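protein-v7.cif, holding mmCIF, C-alpha atoms:
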data_entry
loop_
_atom_site.group_PDB
_atom_site.id
_atom_site.type_symbol
_atom_site.label_atom_id
_atom_site.label_comp_id
_atom_site.auth_asym_id
_atom_site.auth_seq_id
_atom_site.Cartn_x
_atom_site.Cartn_y
_atom_site.Cartn_z
ATOM 1 C CA MET A 1 19.535 187.692 79.646
ATOM 2 C CA THR A 2 18.250 184.569 81.279
ATOM 3 C CA THR A 3 18.810 184.710 85.010
ATOM 4 C CA CYS A 4 18.020 187.124 87.780
ATOM 5 C CA ASP A 5 21.736 187.333 88.655
ATOM 6 C CA GLU A 6 22.686 188.305 85.120
ATOM 7 C CA LEU A 7 20.011 190.964 84.946
ATOM 8 C CA LEU A 8 20.894 192.557 88.280
ATOM 9 C CA THR A 9 24.644 192.342 87.583
ATOM 10 C CA HIS A 10 24.043 194.119 84.288
ATOM 11 C CA VAL A 11 22.188 196.867 86.169
ATOM 12 C CA LEU A 12 25.059 197.078 88.663
ATOM 13 C CA LEU A 13 27.712 197.403 85.954
ATOM 14 C CA HIS A 14 25.852 199.528 83.426
ATOM 15 C CA GLY A 15 23.209 201.319 85.488
ATOM 16 C CA ASP A 16 20.323 200.440 83.181
ATOM 17 C CA VAL A 17 17.946 197.575 82.560
ATOM 18 C CA PRO A 18 18.668 195.856 79.251
ATOM 19 C CA PRO A 19 15.722 195.685 76.816
ATOM 20 C CA GLU A 20 15.423 191.920 77.210
ATOM 21 C CA GLY A 21 15.259 192.339 81.002
ATOM 22 C CA THR A 22 12.193 194.598 81.055
ATOM 23 C CA GLN A 23 9.801 191.712 80.456
ATOM 24 C CA HIS A 24 11.539 189.667 83.147
ATOM 25 C CA LEU A 25 10.997 192.420 85.706
ATOM 26 C CA THR A 26 7.254 192.360 85.171
ATOM 27 C CA THR A 27 7.116 188.684 86.101
ATOM 28 C CA CYS A 28 9.882 188.360 88.722
ATOM 29 C CA ALA A 29 8.938 190.031 91.992
ATOM 30 C CA GLU A 30 12.354 189.253 93.499
ATOM 31 C CA CYS A 31 14.262 191.133 90.787
ATOM 32 C CA ALA A 32 11.793 194.008 90.819
ATOM 33 C CA ALA A 33 12.285 194.346 94.576
ATOM 34 C CA ALA A 34 16.081 194.189 94.327
ATOM 35 C CA LEU A 35 16.335 196.657 91.445
ATOM 36 C CA ALA A 36 16.189 199.786 93.591
ATOM 37 C CA ASP A 37 18.898 198.477 95.931
ATOM 38 C CA VAL A 38 21.175 197.561 93.035
ATOM 39 C CA ARG A 39 20.703 201.024 91.569
ATOM 40 C CA ARG A 40 21.598 202.617 94.888
ATOM 41 C CA VAL A 41 24.839 200.639 94.900
ATOM 42 C CA THR A 42 25.563 201.612 91.306
ATOM 43 C CA HIS A 43 25.037 205.289 92.115
ATOM 44 C CA ALA A 44 27.295 205.013 95.133
ATOM 45 C CA LEU A 45 30.040 203.347 93.081
ATOM 46 C CA ALA A 46 29.687 205.989 90.367
ATOM 47 C CA ALA A 47 29.902 208.820 92.879
ATOM 48 C CA ASP A 48 33.123 207.518 94.357
ATOM 49 C CA ASP A 49 36.032 209.416 92.835
ATOM 50 C CA VAL A 50 39.689 209.054 93.689
ATOM 51 C CA PRO A 51 42.249 211.865 93.949
ATOM 52 C CA ALA A 52 44.694 212.271 91.063
ATOM 53 C CA PRO A 53 48.288 211.181 91.635
ATOM 54 C CA THR A 54 50.668 213.952 92.611
ATOM 55 C CA PRO A 55 53.190 215.144 89.974
ATOM 56 C CA ALA A 56 55.973 214.183 92.374
ATOM 57 C CA LEU A 57 54.983 210.529 92.092
ATOM 58 C CA SER A 58 56.239 210.154 88.516
ATOM 59 C CA ALA A 59 59.526 211.823 89.428
ATOM 60 C CA ARG A 60 59.857 209.449 92.373
ATOM 61 C CA VAL A 61 59.326 206.438 90.091
ATOM 62 C CA ARG A 62 61.914 207.714 87.593
ATOM 63 C CA LEU A 63 64.445 208.241 90.353
ATOM 64 C CA ALA A 64 63.877 204.792 91.857
ATOM 65 C CA ALA A 65 63.995 203.093 88.459
ATOM 66 C CA GLU A 66 67.192 204.746 87.231
ATOM 67 C CA PRO A 67 69.644 202.232 88.816
ATOM 68 C CA LEU A 68 67.624 199.356 87.315
ATOM 69 C CA LEU A 69 67.585 201.042 83.917
ATOM 70 C CA ALA A 70 71.327 201.711 84.093
ATOM 71 C CA ALA A 71 71.946 198.031 84.869
ATOM 72 C CA ARG A 72 69.798 197.069 81.874
ATOM 73 C CA ARG A 73 71.737 199.442 79.615
ATOM 74 C CA ARG A 74 75.057 197.982 80.779
ATOM 75 C CA ARG A 75 73.803 194.446 80.150
ATOM 76 C CA VAL A 76 72.640 195.358 76.641
ATOM 77 C CA ASP A 77 76.001 197.022 75.966
ATOM 78 C CA TRP A 78 77.868 193.894 76.984
ATOM 79 C CA LEU A 79 75.631 191.658 74.909
ATOM 80 C CA ARG A 80 76.162 193.817 71.830
ATOM 81 C CA ILE A 81 79.905 193.993 72.350
ATOM 82 C CA ALA A 82 80.008 190.213 72.779
ATOM 83 C CA ALA A 83 78.033 189.825 69.551
ATOM 84 C CA ALA A 84 80.444 192.141 67.726
ATOM 85 C CA VAL A 85 83.472 190.245 69.033
ATOM 86 C CA ALA A 86 81.875 186.901 68.092
ATOM 87 C CA ALA A 87 81.177 188.186 64.570
ATOM 88 C CA ALA A 88 84.775 189.401 64.269
ATOM 89 C CA ILE A 89 86.204 186.101 65.511
ATOM 90 C CA LEU A 90 84.203 184.087 62.985
ATOM 91 C CA PRO A 91 86.585 184.683 60.008
ATOM 92 C CA LEU A 92 89.723 184.407 62.203
ATOM 93 C CA PRO A 93 90.586 180.766 61.297
ATOM 94 C CA LEU A 94 90.518 181.654 57.586
ATOM 95 C CA ILE A 95 92.697 184.750 58.165
ATOM 96 C CA LEU A 96 95.201 182.690 60.155
ATOM 97 C CA ALA A 97 95.273 179.958 57.495
ATOM 98 C CA ILE A 98 95.962 182.504 54.731
ATOM 99 C CA ASP A 99 98.671 184.187 56.837
ATOM 100 C CA TRP A 100 100.272 180.813 57.535
ATOM 101 C CA TRP A 101 100.239 179.977 53.806
ATOM 102 C CA VAL A 102 101.783 183.368 52.903
ATOM 103 C CA VAL A 103 104.489 183.113 55.575
ATOM 104 C CA THR A 104 105.544 179.537 54.728
ATOM 105 C CA ASN A 105 105.634 180.248 50.974
ATOM 106 C CA ALA A 106 107.540 183.480 51.490
ATOM 107 C CA ARG A 107 110.066 181.589 53.599
ATOM 108 C CA GLN A 108 110.526 178.971 50.834
ATOM 109 C CA LEU A 109 110.936 181.625 48.101
ATOM 110 C CA LEU A 110 113.333 183.768 50.119
ATOM 111 C CA SER A 111 115.466 180.793 51.112
ATOM 112 C CA ILE A 112 116.168 180.208 47.384
ATOM 113 C CA VAL A 113 117.806 183.613 46.901
ATOM 114 C CA LEU A 114 118.964 184.507 50.427
ATOM 115 C CA PRO A 115 120.952 182.773 53.121
ATOM 116 C CA ASP A 116 118.705 180.742 55.440
ATOM 117 C CA ALA A 117 119.299 182.924 58.516
ATOM 118 C CA VAL A 118 118.435 186.124 56.611
ATOM 119 C CA SER A 119 115.250 184.675 55.083
ATOM 120 C CA LEU A 120 114.232 183.377 58.524
ATOM 121 C CA PHE A 121 114.834 186.863 59.989
ATOM 122 C CA LEU A 122 112.768 188.591 57.297
ATOM 123 C CA VAL A 123 109.894 186.103 57.428
ATOM 124 C CA GLY A 124 109.947 186.177 61.224
ATOM 125 C CA ASN A 125 109.639 189.982 61.185
ATOM 126 C CA TYR A 126 106.842 189.789 58.668
ATOM 127 C CA ALA A 127 105.005 187.199 60.778
ATOM 128 C CA ALA A 128 105.463 189.325 63.895
ATOM 129 C CA LEU A 129 104.080 192.370 62.058
ATOM 130 C CA LEU A 130 101.044 190.372 60.912
ATOM 131 C CA ALA A 131 100.457 189.128 64.468
ATOM 132 C CA LEU A 132 100.717 192.697 65.829
ATOM 133 C CA LEU A 133 98.253 194.074 63.261
ATOM 134 C CA LEU A 134 95.840 191.226 63.933
ATOM 135 C CA THR A 135 96.033 191.801 67.705
ATOM 136 C CA LEU A 136 95.463 195.553 67.316
ATOM 137 C CA THR A 137 92.520 194.962 64.988
ATOM 138 C CA TYR A 138 90.811 192.537 67.365
ATOM 139 C CA ALA A 139 91.523 194.682 70.403
ATOM 140 C CA ALA A 140 89.792 197.586 68.624
ATOM 141 C CA VAL A 141 86.594 195.596 67.937
ATOM 142 C CA PRO A 142 85.045 195.874 71.444
ATOM 143 C CA LEU A 143 86.168 199.511 71.729
ATOM 144 C CA LEU A 144 84.593 200.461 68.406
ATOM 145 C CA ALA A 145 81.440 198.492 69.201
ATOM 146 C CA GLY A 146 81.163 200.279 72.557
ATOM 147 C CA ARG A 147 81.582 203.692 70.926
ATOM 148 C CA GLN A 148 78.908 202.913 68.360
ATOM 149 C CA LEU A 149 76.426 201.714 70.978
ATOM 150 C CA ARG A 150 76.152 204.934 72.957
ATOM 151 C CA PRO A 151 74.912 207.185 70.120
ATOM 152 C CA ALA A 152 72.522 204.420 69.008
ATOM 153 C CA LEU A 153 70.879 204.324 72.445
ATOM 154 C CA GLU A 154 70.892 208.116 72.787
ATOM 155 C CA ASP A 155 69.086 208.487 69.431
ATOM 156 C CA HIS A 156 66.417 206.078 70.603
ATOM 157 C CA HIS A 157 63.865 208.741 71.457
ATOM 158 C CA VAL A 158 60.131 208.830 70.858
ATOM 159 C CA MET B 1 48.733 204.043 67.361
ATOM 160 C CA ASP B 2 52.187 204.443 65.860
ATOM 161 C CA ASP B 3 54.118 201.185 66.225
ATOM 162 C CA ASP B 4 57.099 202.982 67.772
ATOM 163 C CA ARG B 5 54.837 204.349 70.483
ATOM 164 C CA SER B 6 52.785 201.251 71.156
ATOM 165 C CA ASP B 7 53.043 199.792 74.623
ATOM 166 C CA GLU B 8 54.813 196.760 73.207
ATOM 167 C CA ALA B 9 57.435 198.867 71.355
ATOM 168 C CA LEU B 10 58.001 200.931 74.487
ATOM 169 C CA MET B 11 58.478 197.736 76.463
ATOM 170 C CA ARG B 12 61.148 196.563 74.003
ATOM 171 C CA ARG B 13 62.995 199.825 74.557
ATOM 172 C CA LEU B 14 62.476 199.628 78.292
ATOM 173 C CA ALA B 15 64.112 196.194 78.246
ATOM 174 C CA GLU B 16 67.190 197.947 76.834
ATOM 175 C CA GLY B 17 67.148 200.476 79.664
ATOM 176 C CA ASP B 18 65.528 203.396 77.845
ATOM 177 C CA ALA B 19 64.371 205.866 80.516
ATOM 178 C CA GLN B 20 62.161 207.758 78.063
ATOM 179 C CA ALA B 21 60.199 204.603 77.297
ATOM 180 C CA LEU B 22 59.444 204.280 81.011
ATOM 181 C CA GLU B 23 58.347 207.894 81.138
ATOM 182 C CA HIS B 24 55.946 207.419 78.229
ATOM 183 C CA LEU B 25 54.464 204.270 79.736
ATOM 184 C CA CYS B 26 54.103 205.946 83.127
ATOM 185 C CA ARG B 27 52.355 208.929 81.591
ATOM 186 C CA ARG B 28 49.998 206.717 79.598
ATOM 187 C CA TRP B 29 49.074 204.366 82.452
ATOM 188 C CA GLU B 30 49.448 206.670 85.448
ATOM 189 C CA GLN B 31 45.735 207.385 85.956
ATOM 190 C CA PRO B 32 44.334 203.875 85.399
ATOM 191 C CA LEU B 33 47.022 202.255 87.530
ATOM 192 C CA HIS B 34 46.736 204.799 90.324
ATOM 193 C CA ARG B 35 42.942 204.475 90.397
ATOM 194 C CA PHE B 36 43.123 200.698 90.425
ATOM 195 C CA LEU B 37 45.542 200.688 93.356
ATOM 196 C CA TYR B 38 43.575 203.357 95.189
ATOM 197 C CA ARG B 39 40.300 201.459 94.939
ATOM 198 C CA HIS B 40 41.889 198.141 95.785
ATOM 199 C CA THR B 41 43.543 199.386 98.958
ATOM 200 C CA GLY B 42 41.071 202.063 99.920
ATOM 201 C CA GLY B 43 43.704 204.727 99.356
ATOM 202 C CA ARG B 44 46.349 203.375 101.714
ATOM 203 C CA ASP B 45 50.004 203.006 100.633
ATOM 204 C CA VAL B 46 49.003 203.812 97.051
ATOM 205 C CA ASP B 47 52.175 205.746 96.191
ATOM 206 C CA ASP B 48 54.398 202.933 97.449
ATOM 207 C CA LEU B 49 52.432 200.316 95.537
ATOM 208 C CA TYR B 50 52.423 202.492 92.419
ATOM 209 C CA GLN B 51 56.204 202.852 92.539
ATOM 210 C CA GLU B 52 56.735 199.158 93.241
ATOM 211 C CA THR B 53 54.507 198.237 90.295
ATOM 212 C CA TRP B 54 56.701 200.223 87.906
ATOM 213 C CA LEU B 55 59.894 198.868 89.428
ATOM 214 C CA ARG B 56 58.597 195.355 88.833
ATOM 215 C CA VAL B 57 57.729 196.318 85.271
ATOM 216 C CA VAL B 58 61.309 197.498 84.738
ATOM 217 C CA ARG B 59 62.804 194.406 86.383
ATOM 218 C CA ALA B 60 60.657 192.039 84.331
ATOM 219 C CA ALA B 61 60.766 194.037 81.078
ATOM 220 C CA GLY B 62 63.078 191.490 79.448
ATOM 221 C CA ARG B 63 60.552 188.724 80.069
ATOM 222 C CA PHE B 64 57.535 190.631 78.704
ATOM 223 C CA ASP B 65 55.831 188.733 75.901
ATOM 224 C CA PRO B 66 54.896 191.266 73.189
ATOM 225 C CA ALA B 67 52.110 188.939 72.032
ATOM 226 C CA ARG B 68 50.289 189.788 75.270
ATOM 227 C CA ARG B 69 48.531 193.046 76.061
ATOM 228 C CA PHE B 70 50.626 195.349 78.193
ATOM 229 C CA SER B 71 47.576 196.491 80.171
ATOM 230 C CA THR B 72 46.795 192.908 81.193
ATOM 231 C CA TRP B 73 50.368 192.387 82.333
ATOM 232 C CA LEU B 74 50.495 195.711 84.184
ATOM 233 C CA PHE B 75 47.250 195.065 86.061
ATOM 234 C CA GLN B 76 48.414 191.550 86.925
ATOM 235 C CA ILE B 77 51.545 192.966 88.528
ATOM 236 C CA ALA B 78 49.509 195.590 90.380
ATOM 237 C CA LEU B 79 46.996 192.971 91.493
ATOM 238 C CA ASN B 80 49.722 190.705 92.853
ATOM 239 C CA LEU B 81 51.116 193.621 94.827
ATOM 240 C CA CYS B 82 47.649 194.410 96.178
ATOM 241 C CA ARG B 83 47.216 190.787 97.228
ATOM 242 C CA ASP B 84 50.550 190.911 99.046
ATOM 243 C CA TRP B 85 49.532 194.203 100.615
ATOM 244 C CA HIS B 86 46.249 192.765 101.885
ATOM 245 C CA ARG B 87 48.126 189.814 103.396
ATOM 246 C CA ARG B 88 50.326 192.127 105.429
ATOM 247 C CA PRO B 89 49.310 192.527 109.041
ATOM 248 C CA PRO B 90 47.570 195.864 109.672
ATOM 249 C CA PRO B 91 49.561 198.507 111.542
ATOM 250 C CA GLU B 92 47.078 198.293 114.391
ATOM 251 C CA PRO B 93 44.839 195.360 115.275
ATOM 252 C CA VAL B 94 41.436 195.935 113.661
ATOM 253 C CA ASP B 95 38.319 193.860 114.055
ATOM 254 C CA PRO B 96 36.950 193.473 110.502
ATOM 255 C CA SER B 97 33.388 193.499 111.817
ATOM 256 C CA THR B 98 33.865 197.049 113.072
ATOM 257 C CA VAL B 99 35.051 198.387 109.739
ATOM 258 C CA THR B 100 31.604 199.439 108.558
ATOM 259 C CA LEU B 101 30.850 201.073 111.903
ATOM 260 C CA THR B 102 33.876 203.354 111.680
ATOM 261 C CA SER B 103 33.037 204.409 108.136
ATOM 262 C CA PRO B 104 33.421 208.079 107.199
ATOM 263 C CA ALA B 105 30.499 210.076 105.871
ATOM 264 C CA PRO B 106 28.781 208.181 103.068
ATOM 265 C CA SER B 107 29.127 209.757 99.640
ATOM 266 C CA ASP B 108 25.856 208.815 97.971
ATOM 267 C CA ALA B 109 22.387 207.893 99.217
ATOM 268 C CA GLY B 110 23.751 206.820 102.559
ATOM 269 C CA ILE B 111 26.185 204.301 101.040
ATOM 270 C CA ASP B 112 29.966 204.524 101.202
ATOM 271 C CA ALA B 113 31.353 202.862 98.066
ATOM 272 C CA ARG B 114 34.833 202.395 99.517
ATOM 273 C CA ARG B 115 33.469 200.536 102.522
ATOM 274 C CA LEU B 116 31.425 198.377 100.209
ATOM 275 C CA LEU B 117 34.439 197.494 98.077
ATOM 276 C CA ALA B 118 36.606 196.892 101.128
ATOM 277 C CA ALA B 119 34.041 194.432 102.440
ATOM 278 C CA LEU B 120 34.207 192.275 99.317
ATOM 279 C CA PRO B 121 36.532 189.278 99.128
ATOM 280 C CA GLU B 122 39.636 190.049 97.069
ATOM 281 C CA GLY B 123 38.562 188.143 93.958
ATOM 282 C CA GLN B 124 35.167 189.825 93.832
ATOM 283 C CA ARG B 125 36.631 193.246 94.561
ATOM 284 C CA SER B 126 39.143 192.898 91.723
ATOM 285 C CA ALA B 127 36.442 191.775 89.309
ATOM 286 C CA VAL B 128 34.181 194.713 90.189
ATOM 287 C CA ILE B 129 36.990 197.286 90.001
ATOM 288 C CA LEU B 130 38.289 196.060 86.645
ATOM 289 C CA ARG B 131 34.858 195.516 85.117
ATOM 290 C CA TYR B 132 33.023 198.537 86.511
ATOM 291 C CA TYR B 133 35.654 201.258 86.960
ATOM 292 C CA HIS B 134 38.047 200.262 84.189
ATOM 293 C CA ASP B 135 35.368 199.067 81.803
ATOM 294 C CA LEU B 136 37.399 196.021 80.796
ATOM 295 C CA GLY B 137 35.742 193.117 79.025
ATOM 296 C CA GLU B 138 35.153 189.842 80.800
ATOM 297 C CA ASP B 139 37.917 188.186 78.769
ATOM 298 C CA GLU B 140 40.531 190.714 79.826
ATOM 299 C CA VAL B 141 39.376 190.625 83.444
ATOM 300 C CA ALA B 142 39.660 186.828 83.300
ATOM 301 C CA ALA B 143 43.191 187.126 81.891
ATOM 302 C CA ILE B 144 44.232 189.576 84.606
ATOM 303 C CA LEU B 145 42.733 187.474 87.397
ATOM 304 C CA ASP B 146 44.018 184.295 85.734
ATOM 305 C CA VAL B 147 40.655 182.574 86.030
ATOM 306 C CA PRO B 148 38.148 181.312 83.447
ATOM 307 C CA ARG B 149 35.601 183.754 82.074
ATOM 308 C CA GLY B 150 32.793 181.894 83.843
ATOM 309 C CA THR B 151 34.512 182.518 87.170
ATOM 310 C CA VAL B 152 34.548 186.250 86.456
ATOM 311 C CA LYS B 153 30.816 186.148 85.778
ATOM 312 C CA SER B 154 30.080 184.237 88.958
ATOM 313 C CA ARG B 155 32.301 186.543 91.000
ATOM 314 C CA LEU B 156 30.424 189.540 89.638
ATOM 315 C CA HIS B 157 27.090 187.927 90.513
ATOM 316 C CA GLN B 158 28.289 187.138 94.029
ATOM 317 C CA ALA B 159 29.717 190.649 94.387
ATOM 318 C CA MET B 160 26.406 192.154 93.283
ATOM 319 C CA LYS B 161 24.494 190.171 95.903
ATOM 320 C CA ARG B 162 26.979 191.023 98.617
ATOM 321 C CA LEU B 163 27.045 194.711 97.730
ATOM 322 C CA VAL B 164 23.266 194.901 97.823
ATOM 323 C CA SER B 165 23.185 193.078 101.111
ATOM 324 C CA LEU B 166 25.843 195.395 102.577
ATOM 325 C CA ALA B 167 24.060 198.462 101.241
ATOM 326 C CA LYS B 168 20.851 197.338 102.898
ATOM 327 C CA GLY B 169 22.809 196.955 106.112
ATOM 328 C CA GLY B 170 23.922 200.594 105.851
ATOM 329 C CA ALA B 171 27.590 200.235 104.832
#
Rewrite the structure of this file - the entire thing - as structure tokens.
Amino acid sequence: MTTCDELLTHVLLHGDVPPEGTQHLTTCAECAAALADVRRVTHALAADDVPAPTPALSARVRLAAEPLLAARRRRVDWLRIAAAVAAAILPLPLILAIDWWVVTNARQLLSIVLPDAVSLFLVGNYAALLALLLTLTYAAVPLLAGRQLRPALEDHHV
Amino acid sequence: MDDDRSDEALMRRLAEGDAQALEHLCRRWEQPLHRFLYRHTGGRDVDDLYQETWLRVVRAAGRFDPARRFSTWLFQIALNLCRDWHRRPPPEPVDPSTVTLTSPAPSDAGIDARRLLAALPEGQRSAVILRYYHDLGEDEVAAILDVPRGTVKSRLHQAMKRLVSLAKGGA
């Protein structure tokens, strides 16, 4: 405690004279004179209480915040669904390459034992079936991700 | 404090739109925030400012840096709103010099603390409220006010002198 300001500010904030300030007060007439005034201010500040918030205030905040929270939830849902779709799309080139290899080889093998038109018909059907299954699988990804998100958020309680 | 219930964890959940996280934060910080706003504005428009503070918290939840203290961030938002509020024109023209003359009955030893605080410049008032009523350290007050620690100290010194001078004048 070195200056008059620091000593008096300490008294203002804490209401007491620090041990190292006692000596200073015996030699500094200015601080000694101001001490009583500072204490009066401290007492006035301490006596000033504020009313508690009404219970309705929290309910009002919740109500006002709900549209913002709902928008946040929707955004998080979309981000998670996008992440799920991106993760599902990642192996797609490999799946398509394997399917292409299977279809072309099947066509070659079948054309040895069957007439060309028949083998083309069979391989075409097989390729169409693969394409349908692939489409259904990828269409289900965002739906499944969306269904899994809701319970995850609902379980997120304290 | 349990990690799942820390302010920072609750803020992560709030950023995902968790209403319960908001409720927990509100419950935890209701009293300090309400008191801060009340003292800063002298009790006017406190409910509106309180609600707007939380709405800003929700809007900015995604940008909250968990490395920072939530209380610092919350008080910064509240302080910015108080600054905006003080910049608004008063509902009726008021001569600032008459404020002390129209003071209600003083609460202690002839001094009205609210009039004293209202008479301080904004920076000094904020420093006194955060340091005295909220018992925050100088470092946290400096972080909230976004000023160096030395500035907080000098503001407190200036506030002390001004408060004493106002008290002598019968605020």
- Task: Grab the CA of Gln124 (chain B) to CA of Thr151 (chain B) distance for me, in Å with one decimal place.
- Result: 9.9 Å
- Query: How far is it from CA of Gln51 (chain B) to CA of Leu57 (chain A), in Å with one decimal?
  - Reply: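 Taking CA of Gln51 (chain B) and CA of Leu57 (chain A), their separation equals 7.8 Å.
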- Interface residues on chain A facing chain B, 6 Å, only C-alpha atoms, written as a VMD selection string: chain A and resid 5 9 13 37 to 38 44 to 45 61 65 69 72 to 73
- Task: Could you expand the PyMOL selection byres ((chain A and resi 133-145) around 8) into the explicit residues it covers here, written as a PyMOL selection string?
- Result: chain A and resi 80-82+84-85+88+129-132+146-149
Output file for the selection above: C-alpha atoms, as a PDB file, in the coordinates of the input:
ATOM      1  CA  ARG A  80      76.162 193.817  71.830  1.00  0.00           C
ATOM      2  CA  ILE A  81      79.905 193.993  72.350  1.00  0.00           C
ATOM      3  CA  ALA A  82      80.008 190.213  72.779  1.00  0.00           C
ATOM      4  CA  ALA A  84      80.444 192.141  67.726  1.00  0.00           C
ATOM      5  CA  VAL A  85      83.472 190.245  69.033  1.00  0.00           C
ATOM      6  CA  ALA A  88      84.775 189.401  64.269  1.00  0.00           C
ATOM      7  CA  LEU A 129     104.080 192.370  62.058  1.00  0.00           C
ATOM      8  CA  LEU A 130     101.044 190.372  60.912  1.00  0.00           C
ATOM      9  CA  ALA A 131     100.457 189.128  64.468  1.00  0.00           C
ATOM     10  CA  LEU A 132     100.717 192.697  65.829  1.00  0.00           C
ATOM     11  CA  GLY A 146      81.163 200.279  72.557  1.00  0.00           C
ATOM     12  CA  ARG A 147      81.582 203.692  70.926  1.00  0.00           C
ATOM     13  CA  GLN A 148      78.908 202.913  68.360  1.00  0.00           C
ATOM     14  CA  LEU A 149      76.426 201.714  70.978  1.00  0.00           C
TER      15      LEU A 149
END
- Message: One decimal, in Å: what's the spacing between CA of Arg60 (chain A) and CA of Arg28 (chain B)?
- Response: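 Atom-to-atom, CA of Arg60 (chain A) and CA of Arg28 (chain B) are spaced 16.4 Å apart.
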- Message: Could you list, as an NGL selection string, every residue matched by the PyMOL selection byres ((chain B and resi 68-82) around 10) in this structure?
- Response: :B and (6-8 or 10-11 or 25 or 29 or 32-34 or 36-38 or 40-41 or 45-46 or 49-50 or 52-54 or 56-57 or 64-67 or 83-88 or 122 or 126 or 130 or 136 or 140-146)
- Message: I'd like the residues picked by the PyMOL selection byres ((chain A and resi 24) around 12) written out as a list in words, using the chain letters and numbers from the file.
- Response: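 Checked against the file, the PyMOL selection byres ((chain A and resi 24) around 12) matches Met1, Thr2, Thr3, Cys4, Asp5, Glu6, Leu7, Leu8, Val17, Pro18, Pro19, Glu20, Gly21, Thr22, Gln23, Leu25, Thr26, Thr27, Cys28, Ala29, Glu30, Cys31, Ala32 and Leu35 of chain A.
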